[in-house]
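Below is query.cif, holding mmCIF, C-alpha atoms.
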```
data_data
#
loop_
_atom_site.label_atom_id
_atom_site.label_comp_id
_atom_site.auth_asym_id
_atom_site.auth_seq_id
_atom_site.Cartn_x
_atom_site.Cartn_y
_atom_site.Cartn_z
CA MET A 25 -57.83 -39.21 -42.37
CA SER A 26 -60.60 -36.75 -41.84
CA ALA A 27 -63.20 -39.45 -42.51
CA VAL A 28 -61.62 -41.72 -39.89
CA LEU A 29 -61.61 -38.89 -37.35
CA ASP A 30 -65.23 -38.15 -38.21
CA VAL A 31 -66.20 -41.76 -37.49
CA VAL A 32 -64.26 -41.68 -34.20
CA ALA A 33 -66.03 -38.47 -33.19
CA ALA A 34 -69.40 -39.88 -34.28
CA VAL A 35 -68.84 -42.82 -31.93
CA LEU A 36 -67.32 -40.92 -28.99
CA LEU A 37 -69.66 -37.92 -28.83
CA PRO A 38 -73.03 -39.74 -28.51
CA THR A 39 -71.48 -42.36 -26.19
CA GLY A 40 -70.21 -39.64 -23.88
CA ALA A 41 -73.55 -37.85 -24.02
CA VAL A 42 -75.35 -41.11 -23.14
CA PHE A 43 -73.05 -41.51 -20.14
CA CYS A 44 -73.88 -37.95 -19.06
CA LEU A 45 -77.59 -38.66 -19.46
CA LEU A 46 -77.35 -41.91 -17.46
CA GLY A 47 -75.47 -40.05 -14.74
CA ALA A 48 -78.25 -37.47 -14.62
CA VAL A 49 -80.89 -40.21 -14.46
CA GLY A 50 -78.99 -41.76 -11.56
CA LEU A 51 -78.77 -38.35 -9.92
CA VAL A 52 -82.56 -38.07 -9.99
CA ARG A 53 -83.49 -41.65 -9.13
CA PHE A 54 -80.95 -42.79 -6.53
CA PRO A 55 -82.13 -42.60 -2.93
CA ASP A 56 -79.33 -40.95 -0.93
CA THR A 57 -76.43 -38.54 -1.31
CA LEU A 58 -73.66 -41.13 -1.56
CA SER A 59 -75.28 -43.10 -4.36
CA ARG A 60 -76.10 -39.87 -6.19
CA LEU A 61 -72.43 -38.93 -5.85
CA HIS A 62 -71.56 -42.30 -7.37
CA ALA A 63 -73.83 -41.73 -10.37
CA ALA A 64 -72.63 -38.15 -10.81
CA ALA A 65 -68.96 -39.14 -10.84
CA LYS A 66 -69.54 -41.47 -13.81
CA ALA A 67 -71.06 -38.66 -15.84
CA GLN A 68 -68.34 -36.25 -14.83
CA THR A 69 -65.36 -38.45 -15.62
CA LEU A 70 -66.24 -40.95 -18.34
CA GLY A 71 -68.96 -38.92 -20.01
CA LEU A 72 -66.98 -35.70 -20.17
CA LEU A 73 -63.78 -37.53 -21.12
CA LEU A 74 -65.44 -39.19 -24.13
CA ILE A 75 -67.04 -35.94 -25.27
CA LEU A 76 -63.81 -33.97 -24.95
CA LEU A 77 -61.88 -36.65 -26.85
CA GLY A 78 -64.58 -36.64 -29.51
CA THR A 79 -64.41 -32.87 -29.95
CA ALA A 80 -60.59 -32.98 -29.85
CA THR A 81 -60.66 -34.97 -33.09
CA GLN A 82 -62.63 -32.22 -34.80
CA VAL A 83 -60.55 -29.12 -33.96
CA PRO A 84 -56.95 -28.20 -34.95
CA ALA A 85 -54.23 -29.99 -32.98
CA ARG A 86 -53.17 -27.14 -30.67
CA TYR A 87 -56.79 -26.55 -29.64
CA ALA A 88 -57.25 -30.28 -29.14
CA LEU A 89 -54.42 -30.08 -26.61
CA VAL A 90 -56.47 -27.63 -24.51
CA LEU A 91 -59.46 -29.99 -24.53
CA ILE A 92 -57.29 -32.92 -23.45
CA LEU A 93 -55.86 -30.78 -20.65
CA VAL A 94 -59.39 -30.04 -19.46
CA ALA A 95 -60.13 -33.77 -19.51
CA LEU A 96 -57.01 -34.53 -17.44
CA PHE A 97 -57.88 -31.75 -15.01
CA GLN A 98 -61.36 -33.21 -14.62
CA LEU A 99 -59.89 -36.67 -13.97
CA LEU A 100 -57.83 -35.15 -11.17
CA THR A 101 -60.51 -33.02 -9.55
CA VAL A 102 -63.64 -35.20 -9.66
CA PRO A 103 -62.27 -37.76 -7.14
CA VAL A 104 -61.23 -34.92 -4.83
CA THR A 105 -64.69 -33.34 -4.97
CA GLY A 106 -66.32 -36.73 -4.47
CA GLN A 107 -64.19 -37.52 -1.46
CA ILE A 108 -64.82 -34.17 0.21
CA VAL A 109 -68.57 -34.21 -0.47
CA GLY A 110 -68.81 -37.83 0.73
CA ARG A 111 -66.92 -37.07 3.93
CA THR A 112 -69.09 -34.03 4.57
CA ALA A 113 -72.21 -36.13 3.96
CA TYR A 114 -71.00 -38.72 6.46
CA ARG A 115 -70.03 -36.23 9.12
CA THR A 116 -73.19 -34.18 8.86
CA GLY A 117 -75.30 -37.32 9.26
CA ALA A 118 -76.74 -37.44 5.74
CA VAL A 119 -75.69 -41.11 5.44
CA HIS A 120 -77.76 -43.95 6.91
CA ARG A 121 -75.01 -45.85 8.71
CA ALA A 122 -77.18 -48.94 9.17
CA GLY A 123 -77.39 -49.34 5.40
CA LEU A 124 -73.61 -49.43 4.91
CA VAL A 125 -71.95 -52.80 4.28
CA VAL A 126 -68.47 -51.57 5.21
CA ASP A 127 -68.13 -48.62 7.56
CA ASP A 128 -64.41 -47.99 7.95
CA LEU A 129 -64.74 -44.28 8.61
CA GLY A 130 -67.24 -44.85 11.43
CA ARG A 131 -64.97 -47.29 13.24
CA ARG A 132 -62.04 -45.00 12.67
CA LEU A 133 -63.91 -41.96 13.98
CA GLU A 134 -65.03 -43.84 17.07
CA ARG A 135 -61.49 -45.09 17.77
CA ASP A 136 -60.03 -41.64 17.19
CA GLY A 137 -62.67 -40.17 19.47
CA GLU A 138 -61.67 -42.57 22.25
CA ARG A 139 -58.00 -41.88 21.64
CA GLU A 140 -58.68 -38.16 21.70
CA GLN A 141 -60.45 -38.61 25.01
CA GLU A 142 -57.53 -40.64 26.41
CA ARG A 143 -55.03 -38.08 25.20
CA GLU A 144 -57.00 -35.33 26.85
CA ASN A 145 -57.08 -37.24 30.12
CA GLN A 146 -53.36 -38.01 29.94
CA GLY A 147 -52.61 -34.40 29.09
CA TRP A 148 -54.57 -33.32 32.14
CA GLU A 149 -52.70 -35.74 34.41
CA ARG A 150 -49.35 -34.84 32.89
CA ALA A 151 -50.09 -31.18 33.42
CA ARG A 152 -50.60 -31.92 37.10
CA GLU A 153 -47.46 -34.08 37.40
CA GLU A 154 -45.20 -31.98 35.20
CA PRO A 155 -44.07 -29.35 37.76
CA ASP A 156 -42.72 -32.04 40.15
CA ARG A 157 -40.80 -33.79 37.39
CA GLU A 158 -39.30 -30.49 36.19
CA GLN A 159 -38.07 -29.73 39.70
CA GLY A 160 -36.50 -33.18 40.06
CA ARG A 161 -34.54 -32.70 36.83
CA GLU A 162 -33.35 -29.30 37.95
CA THR A 163 -32.11 -30.53 41.29
CA GLY A 164 -30.37 -33.45 39.54
CA GLY A 165 -28.51 -30.98 37.34
CA ARG A 166 -27.43 -28.94 40.27
CA GLU A 167 -26.06 -31.97 42.11
CA ARG A 168 -23.95 -32.85 39.09
CA GLU A 169 -22.62 -29.28 39.03
CA ASP A 170 -21.70 -29.60 42.67
CA ASP A 171 -19.77 -32.80 41.93
CA ALA A 172 -17.76 -31.08 39.22
CA SER A 173 -16.74 -28.23 41.44
CA MET B 27 -71.50 -34.70 -38.82
CA SER B 28 -74.09 -32.07 -37.90
CA THR B 29 -76.52 -34.88 -37.00
CA VAL B 30 -73.98 -36.23 -34.52
CA TYR B 31 -73.64 -32.81 -32.94
CA ALA B 32 -77.40 -32.40 -32.78
CA VAL B 33 -77.88 -35.79 -31.10
CA THR B 34 -75.09 -35.06 -28.62
CA VAL B 35 -76.48 -31.65 -27.71
CA ALA B 36 -79.98 -33.10 -27.34
CA LEU B 37 -78.75 -35.82 -24.96
CA LEU B 38 -76.75 -33.26 -22.97
CA SER B 39 -79.80 -31.01 -22.72
CA ALA B 40 -81.91 -33.88 -21.41
CA ALA B 41 -79.21 -34.62 -18.86
CA ALA B 42 -79.13 -30.94 -17.84
CA LEU B 43 -82.92 -30.93 -17.36
CA LEU B 44 -82.78 -34.01 -15.12
CA THR B 45 -79.92 -32.43 -13.16
CA LEU B 46 -82.04 -29.31 -12.69
CA VAL B 47 -84.77 -31.50 -11.20
CA ARG B 48 -82.31 -32.78 -8.60
CA LEU B 49 -81.01 -29.24 -8.07
CA MET B 50 -84.50 -28.08 -7.13
CA ARG B 51 -85.62 -31.15 -5.16
CA GLY B 52 -82.38 -32.17 -3.42
CA PRO B 53 -83.32 -32.64 0.24
CA VAL B 54 -79.83 -31.82 1.55
CA ALA B 55 -77.61 -28.94 0.47
CA LEU B 56 -74.96 -31.52 -0.50
CA ASP B 57 -77.31 -32.97 -3.14
CA ARG B 58 -77.57 -29.53 -4.63
CA ILE B 59 -73.79 -29.17 -4.65
CA VAL B 60 -73.44 -32.49 -6.48
CA ALA B 61 -76.17 -31.48 -8.95
CA LEU B 62 -74.52 -28.11 -9.56
CA ASP B 63 -71.19 -29.80 -10.16
CA VAL B 64 -72.77 -32.11 -12.74
CA LEU B 65 -74.54 -29.15 -14.35
CA LEU B 66 -71.24 -27.30 -14.75
CA THR B 67 -69.69 -30.45 -16.20
CA LEU B 68 -72.50 -30.52 -18.73
CA VAL B 69 -71.76 -26.88 -19.54
CA VAL B 70 -68.13 -27.83 -20.17
CA ALA B 71 -69.20 -30.69 -22.43
CA GLY B 72 -71.76 -28.55 -24.27
CA THR B 73 -69.30 -25.71 -24.87
CA ALA B 74 -66.72 -28.18 -26.19
CA VAL B 75 -69.29 -29.62 -28.61
CA GLY B 76 -70.24 -26.08 -29.60
CA VAL B 77 -66.61 -25.20 -30.32
CA ALA B 78 -66.31 -28.23 -32.61
CA ALA B 79 -69.71 -27.78 -34.27
CA LEU B 80 -69.56 -24.02 -34.93
CA ASP B 81 -65.77 -23.94 -35.40
CA ARG B 82 -65.40 -21.08 -32.92
CA THR B 83 -62.11 -21.87 -31.22
CA ALA B 84 -62.20 -18.56 -29.37
CA PHE B 85 -64.72 -20.14 -26.97
CA LEU B 86 -62.17 -22.75 -25.87
CA ALA B 87 -61.38 -20.68 -22.78
CA VAL B 88 -64.91 -21.31 -21.46
CA PRO B 89 -64.50 -25.07 -20.73
CA VAL B 90 -61.18 -24.44 -18.97
CA VAL B 91 -62.53 -21.70 -16.72
CA VAL B 92 -65.82 -23.45 -15.97
CA ALA B 93 -64.03 -26.70 -15.06
CA LEU B 94 -61.77 -24.78 -12.67
CA LEU B 95 -64.62 -22.85 -11.07
CA ALA B 96 -66.74 -26.00 -10.70
CA PHE B 97 -63.97 -27.68 -8.73
CA ILE B 98 -63.22 -24.69 -6.51
CA GLY B 99 -66.90 -23.96 -5.96
CA SER B 100 -68.02 -27.41 -4.89
CA VAL B 101 -65.00 -28.03 -2.66
CA THR B 102 -65.49 -24.67 -0.93
CA ALA B 103 -69.22 -25.18 -0.50
CA ALA B 104 -68.74 -28.67 0.95
CA HIS B 105 -66.13 -27.32 3.37
CA LEU B 106 -68.46 -24.53 4.47
CA ILE B 107 -71.28 -27.00 5.08
CA GLU B 108 -68.99 -29.23 7.13
CA LYS B 109 -67.91 -26.25 9.20
CA ARG B 110 -71.47 -25.00 9.71
CA GLU B 111 -72.77 -28.38 10.79
CA GLY B 112 -69.76 -28.90 13.04
CA MET B 113 -70.65 -25.74 14.98
CA ARG B 114 -73.94 -27.22 16.19
#
```

Would you encode the structure as structure tokens?
Amino acid sequence: MSAVLDVVAAVLLPTGAVFCLLGAVGLVRFPDTLSRLHAAAKAQTLGLLLILLGTATQVPARYALVLILVALFQLLTVPVTGQIVGRTAYRTGAVHRAGLVVDDLGRRLERDGEREQERENQGWERAREEPDREQGRETGGREREDDAS
Amino acid sequence: MSTVYAVTVALLSAAALLTLVRLMRGPVALDRIVALDVLLTLVVAGTAVGVAALDRTAFLAVPVVVALLAFIGSVTAAHLIEKREGMR
């Protein structure tokens, strides 16, 4: 049993470390923030996952559970970090928009910007019209009261 | 088995060195955040390998805490940058 686990660890540990190294190479060589984020996420999820699984085979079972929990936590948090950093990169202008094949966020932001503008205009007009409409409703209510009496 | 650990630690150290290069060069602060996040991930991986290699299970708290702090740190820093740039 121990020999089998040793072989598993001997496969998983260097593989995970190679993934981490490749992620670091990508981090150095890729040209912009988004592609660096892409390379980094591979090292952070797959690389770390393999290494933690490899070490989990070598420690007692209850300690292995902790390592697996760390791996699961990492699987949850790396996408969140990547999404937030990517969004920040886009919004602060660190992304060359001309180089993007699909630019959903840009279209969305533009549309939302227009909508925001429209809503502001409507709000302004409504604010000017609102007092008249309120008065009309009040007088309507009073008339109905008069009918009842 | 000790050879496996040695190879793993050597590869992780090389990765950490390359990440340090990006940490120093990174033209935008976001690149540095990404590099720091990867560096902390490598610390998690290295500590886990150390726990298995040296059989010191007392150090198992280190990967947990570092993974948590890496997440909180990079999310907070990215948020702060977004806020700061939005002010302009």

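Distances to chain B were evaluated for A:Ala41, A:Leu100, A:Glu138, A:Gly110 using all atoms listed in the file, and the minimum falls at A:Ala41.
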
- Message: Once the PyMOL selection byres ((chain B) within 7 of (chain A)) is applied to the coordinates I shared, what remains selected? I want it as a PyMOL selection string.
- Response: chain B and resi 30+33-34+37-38+40-41+44-45+48+56-57+60+64+67+71+74-75+78+90+97+100-101+104+108+111

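Here CA of Val70 in chain B stands at a distance of 7.4 Å from CA of Val88 in chain B.
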
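Put simply, CA of Met50 in chain B is 20.1 Å away from CA of Leu106 in chain B.
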
- Query: At what distance in Å, to one decimal, does CA of Thr102 in chain B lie from CA of Ala55 in chain B?
  - Reply: 12.9 Å

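Between Ala93 in chain B and the residues B:Val69, B:Ala42, B:Ile59, B:Leu49, the shortest atom-to-atom distance, using only C-alpha atoms, involves B:Val69.
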